[in-house]
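So this block is entry_17.tsv, TSV, C-alpha atoms:
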```
chain	number	residue	atom	x	y	z
H	1	MET	CA	0.00	0.00	0.00
H	2	ASN	CA	1.50	3.31	-1.07
H	3	GLY	CA	1.53	6.06	1.53
H	4	PRO	CA	1.61	9.80	0.84
H	5	PHE	CA	5.15	10.22	2.16
H	6	SER	CA	8.38	8.26	2.02
H	7	ASN	CA	11.15	8.29	4.61
H	8	ALA	CA	13.70	6.94	2.17
H	9	THR	CA	17.10	5.71	3.28
H	10	PRO	CA	19.72	8.14	1.96
H	11	ALA	CA	21.38	6.84	-1.19
H	12	THR	CA	24.19	9.37	-0.95
H	13	THR	CA	26.29	10.60	1.95
H	14	SER	CA	24.77	13.48	3.88
H	15	ALA	CA	26.62	16.80	3.80
H	16	ILE	CA	25.85	17.36	7.48
H	17	PRO	CA	28.58	16.50	10.03
H	18	ALA	CA	27.71	13.72	12.46
H	19	GLU	CA	27.50	16.07	15.44
H	20	PHE	CA	24.75	18.06	13.71
H	21	GLN	CA	22.76	15.15	12.28
H	22	ALA	CA	20.20	15.47	15.07
H	23	LEU	CA	19.28	18.92	13.73
H	24	CYS	CA	18.12	17.46	10.42
H	25	PRO	CA	15.02	15.22	10.40
H	26	ALA	CA	14.65	12.50	7.79
H	27	PRO	CA	13.41	13.98	4.48
H	28	GLN	CA	9.67	13.62	3.89
H	29	LEU	CA	9.53	12.78	0.18
H	30	LEU	CA	6.45	12.32	-1.95
H	31	PRO	CA	6.11	9.27	-4.20
H	32	GLY	CA	8.24	9.83	-7.31
H	33	GLU	CA	10.69	12.19	-5.60
H	34	SER	CA	14.35	11.20	-5.57
H	35	ILE	CA	16.44	11.02	-2.41
H	36	ASP	CA	19.54	11.50	-4.59
H	37	HIS	CA	18.16	14.76	-5.98
H	38	TYR	CA	17.22	15.88	-2.48
H	39	ARG	CA	20.71	15.16	-1.12
H	40	ALA	CA	22.37	16.85	-4.11
H	41	LEU	CA	20.33	20.02	-3.57
H	42	GLN	CA	21.00	19.95	0.17
H	43	THR	CA	24.74	19.44	-0.36
H	44	VAL	CA	25.28	22.38	-2.72
H	45	ILE	CA	23.24	24.73	-0.52
H	46	LEU	CA	25.03	23.76	2.68
H	47	ARG	CA	28.38	24.01	0.92
H	48	ASP	CA	27.51	27.51	-0.32
H	49	ILE	CA	26.29	28.75	3.07
H	50	ALA	CA	29.14	27.01	4.95
H	51	PRO	CA	27.52	27.12	8.41
H	52	GLN	CA	29.93	27.67	11.32
H	53	SER	CA	27.80	26.93	14.40
H	54	ALA	CA	24.89	24.79	15.50
H	55	ILE	CA	22.45	27.68	15.01
H	56	GLU	CA	23.80	28.36	11.52
H	57	TRP	CA	23.53	24.66	10.68
H	58	LEU	CA	19.92	24.67	11.85
H	59	LEU	CA	19.11	27.71	9.72
H	60	ALA	CA	21.01	26.36	6.70
H	61	ILE	CA	19.20	23.02	6.89
H	62	ASP	CA	15.88	24.88	6.85
H	63	VAL	CA	17.05	26.88	3.80
H	64	ALA	CA	17.77	23.63	1.97
H	65	GLU	CA	14.39	22.20	2.98
H	66	LEU	CA	12.56	25.30	1.76
H	67	SER	CA	14.49	25.18	-1.53
H	68	TRP	CA	13.28	21.61	-2.02
H	69	GLU	CA	9.71	22.74	-1.28
H	70	VAL	CA	9.93	25.48	-3.92
H	71	GLN	CA	11.19	22.95	-6.46
H	72	ARG	CA	8.39	20.55	-5.50
H	73	TYR	CA	5.72	23.25	-5.91
H	74	ARG	CA	7.04	24.18	-9.34
H	75	ILE	CA	6.89	20.56	-10.51
H	76	LEU	CA	3.41	20.02	-9.09
H	77	ARG	CA	2.19	23.27	-10.63
H	78	HIS	CA	3.40	22.12	-14.04
H	79	ARG	CA	1.70	18.72	-13.55
H	80	LEU	CA	-1.44	20.56	-12.52
H	81	LEU	CA	-1.51	22.56	-15.73
H	82	ASP	CA	-0.86	19.40	-17.73
H	83	SER	CA	-3.78	17.58	-16.10
H	84	TYR	CA	-6.09	20.54	-16.59
H	85	ARG	CA	-5.24	20.56	-20.29
H	86	GLN	CA	-7.45	17.50	-20.75
H	87	LYS	CA	-10.26	19.42	-19.05
H	88	ALA	CA	-9.64	22.36	-21.36
H	89	ILE	CA	-9.83	20.08	-24.42
H	90	GLU	CA	-13.09	18.68	-23.07
H	91	MET	CA	-14.56	22.16	-22.53
H	92	THR	CA	-13.51	23.28	-26.00
H	93	LEU	CA	-14.95	20.16	-27.64
H	94	ARG	CA	-18.19	20.76	-25.76
H	95	ARG	CA	-18.48	24.18	-27.37
H	96	ILE	CA	-18.25	22.54	-30.78
H	97	ASP	CA	-20.12	19.26	-30.35
H	98	VAL	CA	-22.75	19.95	-27.71
H	99	ALA	CA	-23.79	23.54	-28.35
H	100	GLY	CA	-27.12	23.69	-30.14
H	101	ILE	CA	-27.75	19.95	-29.99
H	102	ALA	CA	-31.27	18.67	-29.33
H	103	PRO	CA	-31.93	17.99	-25.63
H	104	ILE	CA	-32.68	14.34	-26.35
H	105	PHE	CA	-29.10	13.84	-27.58
H	106	GLU	CA	-27.31	15.92	-24.94
H	107	ASP	CA	-26.38	13.00	-22.66
H	108	ASP	CA	-24.91	10.99	-25.52
H	109	ALA	CA	-23.01	14.04	-26.80
H	110	GLU	CA	-21.66	14.69	-23.32
H	111	ARG	CA	-20.34	11.13	-22.98
H	112	TYR	CA	-18.86	11.34	-26.47
H	113	THR	CA	-17.07	14.58	-25.58
H	114	ILE	CA	-15.61	13.16	-22.36
H	115	GLN	CA	-14.39	10.07	-24.22
H	116	ASN	CA	-12.79	12.22	-26.93
H	117	ALA	CA	-10.92	14.24	-24.30
H	118	LEU	CA	-9.65	11.00	-22.75
H	119	ASP	CA	-8.58	9.72	-26.16
H	120	TRP	CA	-6.71	12.99	-26.69
H	121	ARG	CA	-4.70	12.27	-23.53
H	122	LEU	CA	-4.00	8.59	-24.20
H	123	ASP	CA	-3.82	8.24	-27.99
H	124	PRO	CA	-1.30	10.40	-29.92
H	125	ILE	CA	-3.08	9.80	-33.24
H	126	ALA	CA	-6.43	10.79	-31.78
H	127	ALA	CA	-4.78	13.84	-30.20
H	128	GLU	CA	-3.54	15.05	-33.59
H	129	GLU	CA	-6.99	14.60	-35.15
H	130	ILE	CA	-8.76	16.37	-32.27
H	131	GLU	CA	-6.30	19.28	-32.23
H	132	ALA	CA	-6.64	19.66	-36.00
H	133	ARG	CA	-10.42	19.75	-35.68
H	134	LEU	CA	-10.26	22.31	-32.90
H	135	ALA	CA	-7.87	24.43	-34.97
H	136	SER	CA	-10.32	24.37	-37.87
H	137	TYR	CA	-12.80	26.10	-35.53
H	138	GLY	CA	-10.21	28.68	-34.45
H	139	PHE	CA	-9.13	27.03	-31.20
H	140	ASP	CA	-5.32	26.86	-31.46
H	141	GLN	CA	-2.88	25.87	-28.70
H	142	HIS	CA	-2.90	29.39	-27.26
H	143	ALA	CA	-6.67	29.31	-26.92
H	144	ILE	CA	-6.48	25.93	-25.22
H	145	SER	CA	-3.75	27.18	-22.84
H	146	LEU	CA	-5.98	30.12	-21.95
H	147	GLU	CA	-8.78	27.69	-21.12
H	148	VAL	CA	-6.31	25.72	-18.97
H	149	TYR	CA	-5.60	28.77	-16.81
H	150	VAL	CA	-9.30	29.56	-16.57
H	151	GLN	CA	-10.07	26.04	-15.35
H	152	ALA	CA	-7.11	25.86	-12.93
H	153	ARG	CA	-7.06	29.47	-11.72
H	154	GLU	CA	-8.05	28.80	-8.09
H	155	ILE	CA	-5.70	25.91	-7.36
H	156	PHE	CA	-2.98	27.59	-9.47
H	157	THR	CA	-3.25	30.60	-7.17
H	158	LEU	CA	-2.87	28.24	-4.20
H	159	PHE	CA	0.45	26.93	-5.58
H	160	GLU	CA	1.65	30.48	-6.23
H	161	THR	CA	0.86	31.35	-2.61
H	162	LEU	CA	2.74	28.29	-1.33
H	163	MET	CA	5.78	29.08	-3.50
H	164	ASN	CA	5.87	32.73	-2.48
H	165	ALA	CA	5.57	31.85	1.21
H	166	ALA	CA	8.45	29.34	0.98
H	167	GLN	CA	10.62	31.83	-0.90
H	168	LEU	CA	9.95	34.56	1.67
H	169	ARG	CA	10.80	32.23	4.56
H	170	ARG	CA	14.00	31.18	2.78
H	171	LEU	CA	14.99	34.82	2.24
H	172	PHE	CA	14.32	35.58	5.92
H	173	LEU	CA	16.58	32.70	7.03
H	174	LEU	CA	19.39	33.81	4.71
H	175	LYS	CA	19.13	37.32	6.13
H	176	GLU	CA	19.20	35.88	9.65
H	177	ILE	CA	22.40	33.98	8.90
H	178	ASN	CA	23.97	37.09	7.40
H	179	SER	CA	22.90	39.19	10.37
H	180	ARG	CA	24.42	36.73	12.85
H	181	ARG	CA	27.72	36.76	10.98
H	182	ARG	CA	27.84	40.55	10.88
H	183	MET	CA	27.51	40.63	14.65
H	184	GLN	CA	30.13	37.91	15.20
H	185	ASP	CA	32.76	38.83	12.57
H	186	PRO	CA	35.19	41.75	12.65
H	187	PRO	CA	34.74	44.49	9.99
H	188	ASN	CA	37.73	43.25	7.95
H	189	PHE	CA	36.65	39.58	7.99
H	190	VAL	CA	37.33	37.79	4.69
H	191	PRO	CA	35.00	34.83	3.94
H	192	GLY	CA	36.91	31.55	3.80
H	193	GLN	CA	39.51	32.61	6.36
H	194	PRO	CA	39.39	31.61	10.06
H	195	ARG	CA	37.50	34.06	12.22
H	196	THR	CA	39.42	36.04	14.82
H	197	ARG	CA	38.14	35.28	18.26
H	198	PRO	CA	36.94	38.44	20.03
H	199	ARG	CA	38.96	37.72	23.22
H	200	ALA	CA	42.24	37.37	21.30
H	201	ARG	CA	41.50	40.51	19.30
H	202	TYR	CA	40.78	42.56	22.40
H	203	SER	CA	43.91	41.17	24.15
H	204	SER	CA	46.07	42.26	21.22
H	205	LEU	CA	44.52	45.70	21.29
H	206	LEU	CA	45.26	46.06	25.00
H	207	GLN	CA	48.90	45.00	24.50
H	208	ASN	CA	49.37	47.61	21.78
H	209	GLN	CA	47.89	50.30	23.97
H	210	SER	CA	50.14	49.23	26.88
H	211	GLY	CA	53.26	49.30	24.70
H	212	GLY	CA	52.37	52.72	23.38
H	213	SER	CA	51.97	54.06	26.91
H	214	SER	CA	55.40	52.78	28.06
H	215	ARG	CA	57.14	54.35	25.08
H	216	SER	CA	55.60	57.69	25.79
```

Could the structure of this file be written out as structure tokens, please?
Amino acid sequence: MNGPFSNATPATTSAIPAEFQALCPAPQLLPGESIDHYRALQTVILRDIAPQSAIEWLLAIDVAELSWEVQRYRILRHRLLDSYRQKAIEMTLRRIDVAGIAPIFEDDAERYTIQNALDWRLDPIAAEEIEARLASYGFDQHAISLEVYVQAREIFTLFETLMNAAQLRRLFLLKEINSRRRMQDPPNFVPGQPRTRPRARYSSLLQNQSGGSSRS
């Protein structure tokens, strides 16, 4: 029995050090999603952020998770539009085949239209014939795409909202990481070089001031 989520065993080595593994829960993947793709995305993001503390690791892991969510929403949105294309074909065929038909034949015409739309999805030859017939009535691919957006507008808006929310949360976390580093790093800190510990920096400053006083 297939469940909605999969806690797959990682097929690639995690980019997270062992001491921080507890900060990262097992990925909750949907059927069809790849653990290898998830780990690859996580690895490049963590490598780019290069977290330096437990808090930064926690924030960076969330950034990677949100990036996966954005990718997931984009894929599902595309699949949504693809599935609604059959509905758009059905609606367009109904305008041609059902409009003006005698009431006694409406049920048969409706079943015929639904079957034609299904044939369009499953049979490439039937799809070419149906699209050619629609084009002869002025319904080209752009008109069908417009009907797709009309049919899917509410759920499409839902996916846009989910994507925007994930992107905003990701941006907030990146700003939080940057803000923490600004507070912890000296003004002349160069990324990639070891950070100067505040106590050592202040000790050196005091020694310089002491030496200057003795010379004067």

field: Gap from atom CA of Leu168 of chain H to atom CA of Ile61 of chain H - Å, one decimal
entry: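 According to the coordinates, atom CA of Leu168 of chain H and atom CA of Ile61 of chain H are separated by 15.7 Å.
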
message: Just want the 10 Å neighbourhood of segment 125-134 of chain H, counted on only C-alpha atoms, with same-chain residues fewer than 5 positions away dropped. Output as a list in words.
response: Ile89, Thr92, Leu93, Ile96, Asn116, Ala117, Leu118, Asp119, Trp120, Phe139, Asp140, Gln141, Ala143 and Ile144 of chain H

message: Let me make sure I understand: among H:Tyr149, H:Trp68, H:Trp57, H:Tyr73, which one has the smallest atom-to-atom distance to Leu173 of chain H if we use all atoms listed in the file?
response: H:Trp57

Contacts of Ile177 of chain H at 9 Å (all atoms listed in the file; same-chain gap of 6+ positions) as a compact mmCIF listing (two decimals) with C-alpha atoms, in the coordinates of the input:
```
# COMPACT_ATOMS: atom_id res chain seq x y z
CA ILE H 49 26.29 28.75 3.07
CA PRO H 51 27.52 27.12 8.41
CA ILE H 55 22.45 27.68 15.01
CA GLU H 56 23.80 28.36 11.52
CA LEU H 59 19.11 27.71 9.72
CA ALA H 60 21.01 26.36 6.70
```

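Minimum atom-to-atom distances from H:Gln28, H:Gln115, H:Gln184, H:Asn178 to Ala50 of chain H were compared using all atoms listed in the file, and the lowest value belongs to H:Asn178.
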
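Between atom CA of Asp108 of chain H and atom CA of Tyr137 of chain H the interatomic distance comes to 21.8 Å.
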
task: Write out as a PyMOL selection string which residues come within 8 Å of Leu66 of chain H when counting all atoms listed in the file, dropping same-chain ones fewer than 4 positions away.
output: chain H and resi 62+70+166-167+169-170

field: Pick from H:Glu33, H:Asp107, H:Glu147, H:Asp97 nearest to Arg85 of chain H, counting only C-alpha atoms
entry: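 Using only C-alpha atoms, Arg85 of chain H sits closest to H:Glu147.
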
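One distance worth recording is that between atom CA of Pro27 of chain H and atom CA of Gln71 of chain H, which is 14.3 Å.
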
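With all atoms listed in the file as the atoms that count, the residue of H:Leu81, H:Val63, H:Leu46, H:Ala18 with the shortest distance to Arg153 of chain H is H:Leu81.
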